[in-house]
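Notes to accompany the following structure.
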Amino acid sequence: MDKCKAIAKQIRIDSVKMTNRAHSGHVGSMLSMAELIAVLYEKILNVDPKNPEMENRDRFLLSKGHAAAGVYSALAQKGFIPTEWLERYYCDDGKLMGHISHKLPGVEFSTGSLGHGLPVATGMAIAARYAKSDRRIFCMSSDGDMNEGSTWEAIMFAAQEKLSNLTLIIDYNRVQALGHSKDVIDLSDLKTRLEAFGWAVAEIDGHNVEEIYETLSKVPFDDKKPSAVIAYTVKCKGIPELEDTVKSHYKFVADEDLERVIKEIEEA
Ligand SMILES: [Mg+2]
């Protein structure tokens with residue numbers, strides 16, 4: 001699992017550098033999911049950078065599209081896109097948009113406004129069933145996504161259709177755009193709520209690569225239910241002064257702090 005830890009570290013370093021260079025936000029959202037993305041791309045997803053359109057590939061949708069830079073780093077490390085593209089992230093002459101775009105190899109669906117990932121993932125899961133394909137659909141959502149009515153429509157529909165090929169991963173960092181989630185729409189006892197809606201649910205430490213791997217390699221948890229993984233994470237994990245803060249949703253690391261922050265991440 002050392003490789004996963006190294007990939008997660010690189011996701012953090014790339015995300016900090018990319019947002020600094022672009023003077024763009026959402027670094028906290030990228031850093032909370034670094035280990036989850038690393039394990040998905042290294043150990044779980046059946047995808048091939050040499051053949052991004054492979055018919056029976058697993059589908060991964062990032063519903064928290066504002067955290068795109070974290071996935072771009074993973075795609076570059078995996079070989080889907082050239083590493084040089086990261087240097088022009090969110091720049092006028094660059095290929096990498098601030099919110100994730102399906103125009104890039106390895107990206108299935110563009111997102112930005114919350115609440116879109118899971119409904120589309122649910123449709124893809126139905127499509128896979130019609131196609132008699134064993135491909136799996138993974139969707140990563142945020143606290144903000146879990147506030148959206150469209151997400152809960154998909155949760156109900158996926159349970160009704162017994163979509164065991166669908167896995168929802170919630171990057172539950174308990175902070176969203178305008179505040180701590182408990183103060184916006186309280187998501188506490190999310191496991192009970194999802195189970196009541198007919199899902200099989202696991203709770204994990206979203207920064208522990210071994211636990212992430214062990215859990216994701218067991219999906220579906222129930223062959224008649226969709227699976228949900230509630231990953232407890234820390235917003236902006238890796239930059240101590242910004243961890244668990246609302247401002248990390250919008251902030252980027254300033255030039256004068258960049259070298260120190262990168263060094264801290266490298267030595268962590
Ligand atoms: Mg959040």
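Ordered as shown in the structure tokens, chains take letters A, B, and onward, while each chain numbers its residues from 1 and ligands are numbered from 1 in the order shown.
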
Can you pull out every residue within 9 Å of Arg57 in chain A, counting only C-alpha atoms, but drop anything in the same chain fewer than 4 positions away, and send it as number ranges by chain? A: 45-48, 52-53, 135-136

Keeping only N, CA and C atoms, write the selected residues as a compact mmCIF listing (two decimals), in the first residue's frame.
```txt
# COMPACT_ATOMS: atom_id res chain seq x y z
N LEU A 45 -10.25 0.52 -9.49
CA LEU A 45 -10.92 0.73 -10.79
C LEU A 45 -10.28 -0.11 -11.89
N ASN A 46 -11.11 -0.78 -12.65
CA ASN A 46 -10.63 -1.49 -13.84
C ASN A 46 -10.65 -0.50 -15.00
N VAL A 47 -9.56 0.26 -15.12
CA VAL A 47 -9.43 1.25 -16.20
C VAL A 47 -8.05 1.10 -16.82
N ASP A 48 -7.93 1.55 -18.07
CA ASP A 48 -6.67 1.37 -18.79
C ASP A 48 -6.29 2.68 -19.48
N PRO A 52 -8.65 4.40 -22.83
CA PRO A 52 -9.58 5.04 -21.90
C PRO A 52 -11.05 4.74 -22.19
N GLU A 53 -11.37 4.36 -23.44
CA GLU A 53 -12.76 4.09 -23.81
C GLU A 53 -13.09 2.60 -23.76
N ARG A 135 -19.25 -4.43 -15.53
CA ARG A 135 -18.55 -3.21 -15.11
C ARG A 135 -19.26 -2.59 -13.90
N ARG A 136 -18.46 -1.87 -13.11
CA ARG A 136 -18.99 -1.29 -11.88
C ARG A 136 -18.97 0.23 -11.98
```

For range 246-262 of chain A, find every residue with an atom within 10 Å (counting only C-alpha atoms), except residues of its own chain fewer than 5 positions away, and show them as a count of residues only. 39

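Here CA of Lys237 in chain A stands at a distance of 13.0 Å from CA of Glu266 in chain A.
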
Looking only at strand (DSSP E or B) from DSSP on the backbone, list the matching residues of range 1-180 of chain A as a VMD selection string. chain A and resid 59 to 62 137 to 142 166 to 172 175 to 176 179 to 180

Counting only C-alpha atoms and all ligand atoms, the residue among A:Lys191, A:His102, A:Lys64, A:Lys225 that lies closest to ligand 1 is A:Lys64

Extract, using only C-alpha atoms, all DNA, RNA and protein residues at most 6 Å from range 152-163 of chain A, discarding same-chain residues fewer than 2 positions from it, and format them as a PyMOL selection string. chain A and resi 119+149-150+165-166+198+224-226

DSSP alpha helix (DSSP H) residues within range 10-162 of chain A, as number ranges by chain: A: 10-22, 27-32, 34-39, 68-78, 117-130, 149-160

Can you work out which one of A:Ile169, A:Ala68, A:Met124, A:Leu104 has the shortest atom-to-atom distance to Tyr232 in chain A, counting only C-alpha atoms?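 Counting only C-alpha atoms, the residue closest to Tyr232 in chain A is A:Ile169.
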
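Our summary of the geometry notes that CA of Ala69 in chain A is positioned 25.0 Å from CA of Ser217 in chain A.
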
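Taking CA of Asp134 in chain A and CA of Asp58 in chain A as endpoints, the distance between them is 8.7 Å.
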
Residues near Asp222 in chain A, cut-off 8 Å, only C-alpha atoms, skip fewer than 4 positions along chain, as number ranges by chain: A: 164, 200, 226-227

Convert the current residue selection to file output with N, CA and C atoms, as a compact mmCIF listing (two decimals), in the first residue's frame.
```txt
# COMPACT_ATOMS: atom_id res chain seq x y z
N SER A 164 -26.64 -3.38 -7.31
CA SER A 164 -25.45 -3.79 -6.54
C SER A 164 -24.15 -3.44 -7.29
N ALA A 200 -26.58 -0.85 1.51
CA ALA A 200 -25.62 -1.52 2.40
C ALA A 200 -24.48 -0.53 2.65
N PRO A 226 -27.39 -1.47 -3.49
CA PRO A 226 -26.24 -0.62 -3.79
C PRO A 226 -25.40 -0.43 -2.52
N SER A 227 -24.12 -0.12 -2.71
CA SER A 227 -23.19 0.03 -1.57
C SER A 227 -22.85 1.49 -1.35
```
